[in-house]
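Report on the following structure.
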Amino acid sequence: MGKPKRQPVYLRAVKLIDPASGAEVSAFVPAGAADANTVKERGIKIGNLLRADLTRPRNVQFHRLAHALGGLMAESIDKFAGMNHHEVLKRLQFESGVECDVVRTELPEFGMVLENKQPRSLAFDCMEQGEFYQFMRGICTHIASEYWPQCTPEEIESMAQAMPGVAA
């Protein structure tokens with residue numbers, strides 16, 4: 001089995017002044033605090049040569065909303081305490097079965113078929129925006145059903161939107 005795919009780092013294109021030449025140049029900087037932290041964790045330093053496959057995400061605000069939902073759950077539900085936002089989303093994805101493939105393994109000597117859920121990648125290059133929207137609706141419905149039955153899925157999405165760092 002191959003190495004697991006690492007989470008991408010989101011970058012923003014900006015214009016900066018090159019201190020060596022004084023010329024205005026285009027540069028990529030981390031898009032947010034989580035991305036800057038990932039760059040630091042990976043030991044990337046000024047002047048390092050990097051290789052990248054650059055793609056544009058479908059909807060960055062919706063992506064942030066999804067991670068805010070993960071943060072809301074990590075802060076509010078003991079079961080998710082200590083998990084990062086992405087880990088919470090993947091756990092909710094597995095629990096709910098939303099955007100999961102069912103993998104069947106046959107054990108002929110036992111006359112059994114084992115079924116397991118395999119969550120699909122949430123990366124924008126792997127999942128269309130409409131599918132991601134359906135994922136979010138399904139996760140909010142699951143949260144309302146399993147964790148906060150007093151709330152509607154829409155109320156849960158509104159709570160996530162109110163989380164710090166999520167622009168409307």
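In the structure tokens, the first chain shown is A, the next is B, and so on; residue numbers restart at 1 for each chain, and ligands run from 1 in the order shown.
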Taking the DSSP assignment computed from this structure's backbone, write out as a short mmCIF file (atom, residue, chain, number, x, y, z; two decimals) with N, CA and C atoms, in the first residue's frame all residues of chain A that belong to alpha helix (DSSP H).
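Writing done, so here's out-v6.cif:
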```cif
data_model
loop_
_atom_site.label_atom_id
_atom_site.label_comp_id
_atom_site.auth_asym_id
_atom_site.auth_seq_id
_atom_site.Cartn_x
_atom_site.Cartn_y
_atom_site.Cartn_z
N ALA A 33 -3.78 30.85 8.43
CA ALA A 33 -2.94 30.41 9.55
C ALA A 33 -2.66 28.90 9.49
N ALA A 34 -3.66 28.11 9.13
CA ALA A 34 -3.45 26.66 9.07
C ALA A 34 -2.43 26.31 7.99
N ASP A 35 -2.51 27.01 6.86
CA ASP A 35 -1.56 26.76 5.78
C ASP A 35 -0.15 27.19 6.17
N ALA A 36 -0.04 28.35 6.84
CA ALA A 36 1.27 28.81 7.30
C ALA A 36 1.86 27.82 8.29
N ASN A 37 1.02 27.26 9.15
CA ASN A 37 1.48 26.27 10.12
C ASN A 37 1.96 25.00 9.42
N THR A 38 1.25 24.57 8.39
CA THR A 38 1.65 23.38 7.63
C THR A 38 3.01 23.61 6.97
N VAL A 39 3.21 24.80 6.39
CA VAL A 39 4.49 25.14 5.77
C VAL A 39 5.61 25.04 6.80
N LYS A 40 5.35 25.58 7.98
CA LYS A 40 6.35 25.54 9.06
C LYS A 40 6.62 24.10 9.51
N GLU A 41 5.53 23.31 9.68
CA GLU A 41 5.68 21.91 10.11
C GLU A 41 6.50 21.09 9.11
N VAL A 60 -13.47 28.44 -1.87
CA VAL A 60 -12.65 28.48 -0.66
C VAL A 60 -13.50 28.78 0.58
N GLN A 61 -14.51 29.66 0.46
CA GLN A 61 -15.33 29.99 1.63
C GLN A 61 -16.10 28.75 2.11
N PHE A 62 -16.59 27.95 1.17
CA PHE A 62 -17.31 26.74 1.55
C PHE A 62 -16.36 25.74 2.18
N HIS A 63 -15.13 25.69 1.67
CA HIS A 63 -14.10 24.83 2.25
C HIS A 63 -13.84 25.26 3.71
N ARG A 64 -13.72 26.56 3.92
CA ARG A 64 -13.50 27.08 5.28
C ARG A 64 -14.69 26.75 6.18
N LEU A 65 -15.90 26.85 5.63
CA LEU A 65 -17.09 26.52 6.40
C LEU A 65 -17.06 25.05 6.84
N ALA A 66 -16.65 24.17 5.94
CA ALA A 66 -16.57 22.75 6.30
C ALA A 66 -15.59 22.55 7.44
N HIS A 67 -14.44 23.20 7.38
CA HIS A 67 -13.45 23.04 8.45
C HIS A 67 -13.90 23.74 9.73
N ALA A 68 -14.67 24.81 9.61
CA ALA A 68 -15.25 25.44 10.79
C ALA A 68 -16.23 24.49 11.47
N LEU A 69 -16.97 23.74 10.66
CA LEU A 69 -17.88 22.74 11.22
C LEU A 69 -17.09 21.69 12.00
N GLY A 70 -15.96 21.26 11.45
CA GLY A 70 -15.08 20.33 12.17
C GLY A 70 -14.60 20.94 13.48
N GLY A 71 -14.24 22.23 13.45
CA GLY A 71 -13.81 22.92 14.66
C GLY A 71 -14.91 23.04 15.69
N LEU A 72 -16.12 23.34 15.22
CA LEU A 72 -17.27 23.45 16.12
C LEU A 72 -17.49 22.13 16.85
N MET A 73 -17.40 21.04 16.12
CA MET A 73 -17.60 19.72 16.74
C MET A 73 -16.45 19.38 17.70
N ALA A 74 -15.21 19.71 17.31
CA ALA A 74 -14.05 19.43 18.18
C ALA A 74 -14.16 20.19 19.49
N GLU A 75 -14.71 21.41 19.44
CA GLU A 75 -14.83 22.23 20.65
C GLU A 75 -16.05 21.88 21.48
N SER A 76 -17.06 21.26 20.86
CA SER A 76 -18.34 21.07 21.54
C SER A 76 -18.65 19.63 21.96
N HIS A 85 -9.56 19.80 12.67
CA HIS A 85 -10.82 19.99 11.95
C HIS A 85 -11.01 18.95 10.84
N HIS A 86 -9.96 18.67 10.10
CA HIS A 86 -10.06 17.71 9.01
C HIS A 86 -10.33 16.30 9.55
N GLU A 87 -9.67 15.93 10.63
CA GLU A 87 -9.90 14.62 11.23
C GLU A 87 -11.35 14.46 11.67
N VAL A 88 -11.92 15.53 12.22
CA VAL A 88 -13.33 15.48 12.64
C VAL A 88 -14.22 15.27 11.42
N LEU A 89 -13.96 16.02 10.34
CA LEU A 89 -14.76 15.86 9.13
C LEU A 89 -14.69 14.44 8.60
N LYS A 90 -13.50 13.86 8.57
CA LYS A 90 -13.34 12.50 8.07
C LYS A 90 -14.06 11.50 8.98
N ARG A 91 -14.00 11.73 10.28
CA ARG A 91 -14.70 10.84 11.22
C ARG A 91 -16.21 10.92 11.01
N LEU A 92 -16.72 12.15 10.87
CA LEU A 92 -18.16 12.32 10.61
C LEU A 92 -18.55 11.70 9.28
N GLN A 93 -17.67 11.81 8.29
CA GLN A 93 -17.92 11.21 6.99
C GLN A 93 -18.05 9.70 7.14
N PHE A 94 -17.12 9.10 7.87
CA PHE A 94 -17.15 7.65 8.09
C PHE A 94 -18.41 7.23 8.85
N GLU A 95 -18.71 7.94 9.95
CA GLU A 95 -19.88 7.61 10.77
C GLU A 95 -21.17 7.66 9.95
N SER A 96 -21.31 8.70 9.16
CA SER A 96 -22.55 8.93 8.43
C SER A 96 -22.65 8.12 7.14
N GLN A 129 -17.88 20.57 -6.78
CA GLN A 129 -18.51 21.47 -5.82
C GLN A 129 -19.89 20.97 -5.40
N GLY A 130 -20.70 20.49 -6.35
CA GLY A 130 -22.04 19.98 -6.01
C GLY A 130 -21.99 18.78 -5.08
N GLU A 131 -21.03 17.89 -5.30
CA GLU A 131 -20.85 16.74 -4.42
C GLU A 131 -20.42 17.19 -3.03
N PHE A 132 -19.56 18.22 -2.99
CA PHE A 132 -19.10 18.71 -1.70
C PHE A 132 -20.26 19.35 -0.94
N TYR A 133 -21.12 20.06 -1.67
CA TYR A 133 -22.31 20.64 -1.03
C TYR A 133 -23.18 19.52 -0.44
N GLN A 134 -23.40 18.44 -1.20
CA GLN A 134 -24.18 17.31 -0.71
C GLN A 134 -23.52 16.66 0.51
N PHE A 135 -22.18 16.62 0.49
CA PHE A 135 -21.44 16.11 1.64
C PHE A 135 -21.75 16.95 2.88
N MET A 136 -21.68 18.28 2.74
CA MET A 136 -21.94 19.16 3.87
C MET A 136 -23.37 19.01 4.39
N ARG A 137 -24.33 18.93 3.49
CA ARG A 137 -25.73 18.75 3.91
C ARG A 137 -25.88 17.43 4.66
N GLY A 138 -25.25 16.37 4.14
CA GLY A 138 -25.33 15.07 4.78
C GLY A 138 -24.69 15.06 6.16
N ILE A 139 -23.56 15.73 6.29
CA ILE A 139 -22.86 15.79 7.58
C ILE A 139 -23.70 16.58 8.59
N CYS A 140 -24.25 17.71 8.16
CA CYS A 140 -25.10 18.50 9.07
C CYS A 140 -26.33 17.71 9.49
N THR A 141 -26.91 16.94 8.58
CA THR A 141 -28.06 16.08 8.91
C THR A 141 -27.65 15.01 9.92
N HIS A 142 -26.47 14.43 9.71
CA HIS A 142 -25.95 13.41 10.65
C HIS A 142 -25.73 14.01 12.04
N ILE A 143 -25.14 15.20 12.08
CA ILE A 143 -24.88 15.86 13.38
C ILE A 143 -26.20 16.12 14.10
N ALA A 144 -27.20 16.62 13.35
CA ALA A 144 -28.51 16.89 13.96
C ALA A 144 -29.13 15.60 14.49
N SER A 145 -28.97 14.54 13.77
CA SER A 145 -29.56 13.25 14.17
C SER A 145 -28.83 12.63 15.36
N GLU A 146 -27.50 12.63 15.32
CA GLU A 146 -26.72 11.89 16.31
C GLU A 146 -26.26 12.70 17.52
N PRO A 153 -30.42 20.73 10.49
CA PRO A 153 -29.16 20.83 9.75
C PRO A 153 -28.80 22.28 9.39
N GLU A 154 -29.81 23.07 9.06
CA GLU A 154 -29.56 24.48 8.72
C GLU A 154 -29.02 25.27 9.92
N GLU A 155 -29.52 24.98 11.11
CA GLU A 155 -29.03 25.65 12.31
C GLU A 155 -27.58 25.27 12.59
N ILE A 156 -27.24 24.02 12.34
CA ILE A 156 -25.86 23.57 12.55
C ILE A 156 -24.93 24.29 11.57
N GLU A 157 -25.34 24.40 10.32
CA GLU A 157 -24.54 25.14 9.34
C GLU A 157 -24.38 26.60 9.75
N SER A 158 -25.44 27.21 10.29
CA SER A 158 -25.36 28.60 10.76
C SER A 158 -24.39 28.75 11.93
N MET A 159 -24.38 27.75 12.83
CA MET A 159 -23.43 27.79 13.95
C MET A 159 -22.00 27.73 13.43
N ALA A 160 -21.75 26.90 12.43
CA ALA A 160 -20.42 26.81 11.84
C ALA A 160 -20.03 28.14 11.18
N GLN A 161 -20.99 28.79 10.53
CA GLN A 161 -20.71 30.08 9.89
C GLN A 161 -20.34 31.15 10.91
#
```
Pick out the residues sitting within 12 Å of Glu24 (chain A), and hand them over as a PDB file with all heavy atoms, in the first residue's frame; count only C-alpha atoms, and ignore anything fewer than 6 positions along from it in its own chain.
```pdb
ATOM      1  N   VAL A  14       0.073  36.992  -4.590  1.00  0.00           N
ATOM      2  CA  VAL A  14       0.134  38.405  -4.198  1.00  0.00           C
ATOM      3  C   VAL A  14       1.280  39.087  -4.935  1.00  0.00           C
ATOM      4  O   VAL A  14       2.175  38.428  -5.463  1.00  0.00           O
ATOM      5  CB  VAL A  14       0.338  38.567  -2.664  1.00  0.00           C
ATOM      6  CG1 VAL A  14      -0.829  37.984  -1.885  1.00  0.00           C
ATOM      7  CG2 VAL A  14       1.635  37.935  -2.208  1.00  0.00           C
ATOM      8  N   LYS A  15       1.250  40.395  -4.973  1.00  0.00           N
ATOM      9  CA  LYS A  15       2.361  41.176  -5.515  1.00  0.00           C
ATOM     10  C   LYS A  15       3.201  41.660  -4.339  1.00  0.00           C
ATOM     11  O   LYS A  15       2.682  42.157  -3.354  1.00  0.00           O
ATOM     12  CB  LYS A  15       1.839  42.364  -6.316  1.00  0.00           C
ATOM     13  CG  LYS A  15       1.123  41.943  -7.582  1.00  0.00           C
ATOM     14  CD  LYS A  15       1.436  42.908  -8.695  1.00  0.00           C
ATOM     15  CE  LYS A  15       0.745  42.485  -9.960  1.00  0.00           C
ATOM     16  NZ  LYS A  15       1.509  41.554 -10.736  1.00  0.00           N
ATOM     17  N   LEU A  16       4.513  41.467  -4.454  1.00  0.00           N
ATOM     18  CA  LEU A  16       5.448  41.880  -3.415  1.00  0.00           C
ATOM     19  C   LEU A  16       6.640  42.575  -4.063  1.00  0.00           C
ATOM     20  O   LEU A  16       6.856  42.457  -5.269  1.00  0.00           O
ATOM     21  CB  LEU A  16       5.948  40.664  -2.620  1.00  0.00           C
ATOM     22  CG  LEU A  16       4.924  39.873  -1.820  1.00  0.00           C
ATOM     23  CD1 LEU A  16       5.557  38.626  -1.233  1.00  0.00           C
ATOM     24  CD2 LEU A  16       4.328  40.733  -0.719  1.00  0.00           C
ATOM     25  N   ILE A  17       7.423  43.238  -3.250  1.00  0.00           N
ATOM     26  CA  ILE A  17       8.668  43.841  -3.718  1.00  0.00           C
ATOM     27  C   ILE A  17       9.804  42.881  -3.387  1.00  0.00           C
ATOM     28  O   ILE A  17       9.997  42.498  -2.232  1.00  0.00           O
ATOM     29  CB  ILE A  17       8.923  45.219  -3.045  1.00  0.00           C
ATOM     30  CG1 ILE A  17       7.756  46.171  -3.295  1.00  0.00           C
ATOM     31  CG2 ILE A  17      10.251  45.803  -3.499  1.00  0.00           C
ATOM     32  CD1 ILE A  17       7.519  46.502  -4.760  1.00  0.00           C
ATOM     33  N   ASP A  18      10.547  42.482  -4.418  1.00  0.00           N
ATOM     34  CA  ASP A  18      11.697  41.595  -4.237  1.00  0.00           C
ATOM     35  C   ASP A  18      12.799  42.394  -3.561  1.00  0.00           C
ATOM     36  O   ASP A  18      13.289  43.381  -4.115  1.00  0.00           O
ATOM     37  CB  ASP A  18      12.170  41.074  -5.599  1.00  0.00           C
ATOM     38  CG  ASP A  18      13.338  40.110  -5.492  1.00  0.00           C
ATOM     39  OD1 ASP A  18      13.953  40.000  -4.407  1.00  0.00           O
ATOM     40  OD2 ASP A  18      13.635  39.455  -6.507  1.00  0.00           O
TER      41      ASP A  18
END
```
One decimal, Å: what's the distance from CA of Gln7 (chain A) over to CA of Arg58 (chain A), could you say?
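One can read the CA of Gln7 (chain A) to CA of Arg58 (chain A) distance as 16.1 Å.
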Find the residues around region 111-119 of chain A up to 7 Å (only C-alpha atoms counted), leave out those fewer than 4 positions away in its own chain, and share them as a PyMOL selection string.
chain A and resi 93-94+97+99-107
From a backbone DSSP assignment, name each residue in region 6-165 of chain A labelled strand (DSSP E or B), as JSON, numbers by chain.
{"A": [11, 12, 13, 14, 15, 16, 17, 24, 25, 26, 27, 28, 29, 30, 100, 101, 102, 103, 104, 105, 106, 107, 112, 113, 114, 115, 116, 117, 118, 119]}
Saved selection, atoms kept: C-alpha atoms, as an mmCIF file, in the first residue's frame:
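Once everything was written out, this is result.cif:
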```cif
data_model
loop_
_atom_site.group_PDB
_atom_site.id
_atom_site.type_symbol
_atom_site.label_atom_id
_atom_site.label_comp_id
_atom_site.auth_asym_id
_atom_site.auth_seq_id
_atom_site.Cartn_x
_atom_site.Cartn_y
_atom_site.Cartn_z
ATOM 1 C CA LEU A 11 -1.631 29.601 -1.319
ATOM 2 C CA ARG A 12 -2.686 33.091 -2.358
ATOM 3 C CA ALA A 13 -0.993 34.918 -5.245
ATOM 4 C CA VAL A 14 0.134 38.405 -4.198
ATOM 5 C CA LYS A 15 2.361 41.176 -5.515
ATOM 6 C CA LEU A 16 5.448 41.880 -3.415
ATOM 7 C CA ILE A 17 8.668 43.841 -3.718
ATOM 8 C CA GLU A 24 7.550 44.159 -8.067
ATOM 9 C CA VAL A 25 7.042 40.394 -8.382
ATOM 10 C CA SER A 26 4.245 37.883 -8.015
ATOM 11 C CA ALA A 27 4.604 35.511 -5.080
ATOM 12 C CA PHE A 28 2.625 32.777 -3.384
ATOM 13 C CA VAL A 29 1.990 33.080 0.352
ATOM 14 C CA PRO A 30 0.055 30.751 2.670
ATOM 15 C CA CYS A 100 -18.243 6.856 1.194
ATOM 16 C CA ASP A 101 -17.736 3.780 -0.935
ATOM 17 C CA VAL A 102 -18.765 0.431 0.530
ATOM 18 C CA VAL A 103 -15.936 -2.080 0.228
ATOM 19 C CA ARG A 104 -16.944 -5.735 0.437
ATOM 20 C CA THR A 105 -14.466 -8.457 1.330
ATOM 21 C CA GLU A 106 -15.549 -12.061 0.932
ATOM 22 C CA LEU A 107 -14.235 -14.684 3.347
ATOM 23 C CA MET A 112 -19.038 -14.251 5.307
ATOM 24 C CA VAL A 113 -18.882 -10.984 3.487
ATOM 25 C CA LEU A 114 -17.397 -8.105 5.447
ATOM 26 C CA GLU A 115 -18.498 -4.600 4.551
ATOM 27 C CA ASN A 116 -16.533 -1.490 5.364
ATOM 28 C CA LYS A 117 -17.022 2.156 4.489
ATOM 29 C CA GLN A 118 -14.190 3.906 2.662
ATOM 30 C CA PRO A 119 -14.524 7.704 2.827
#
```
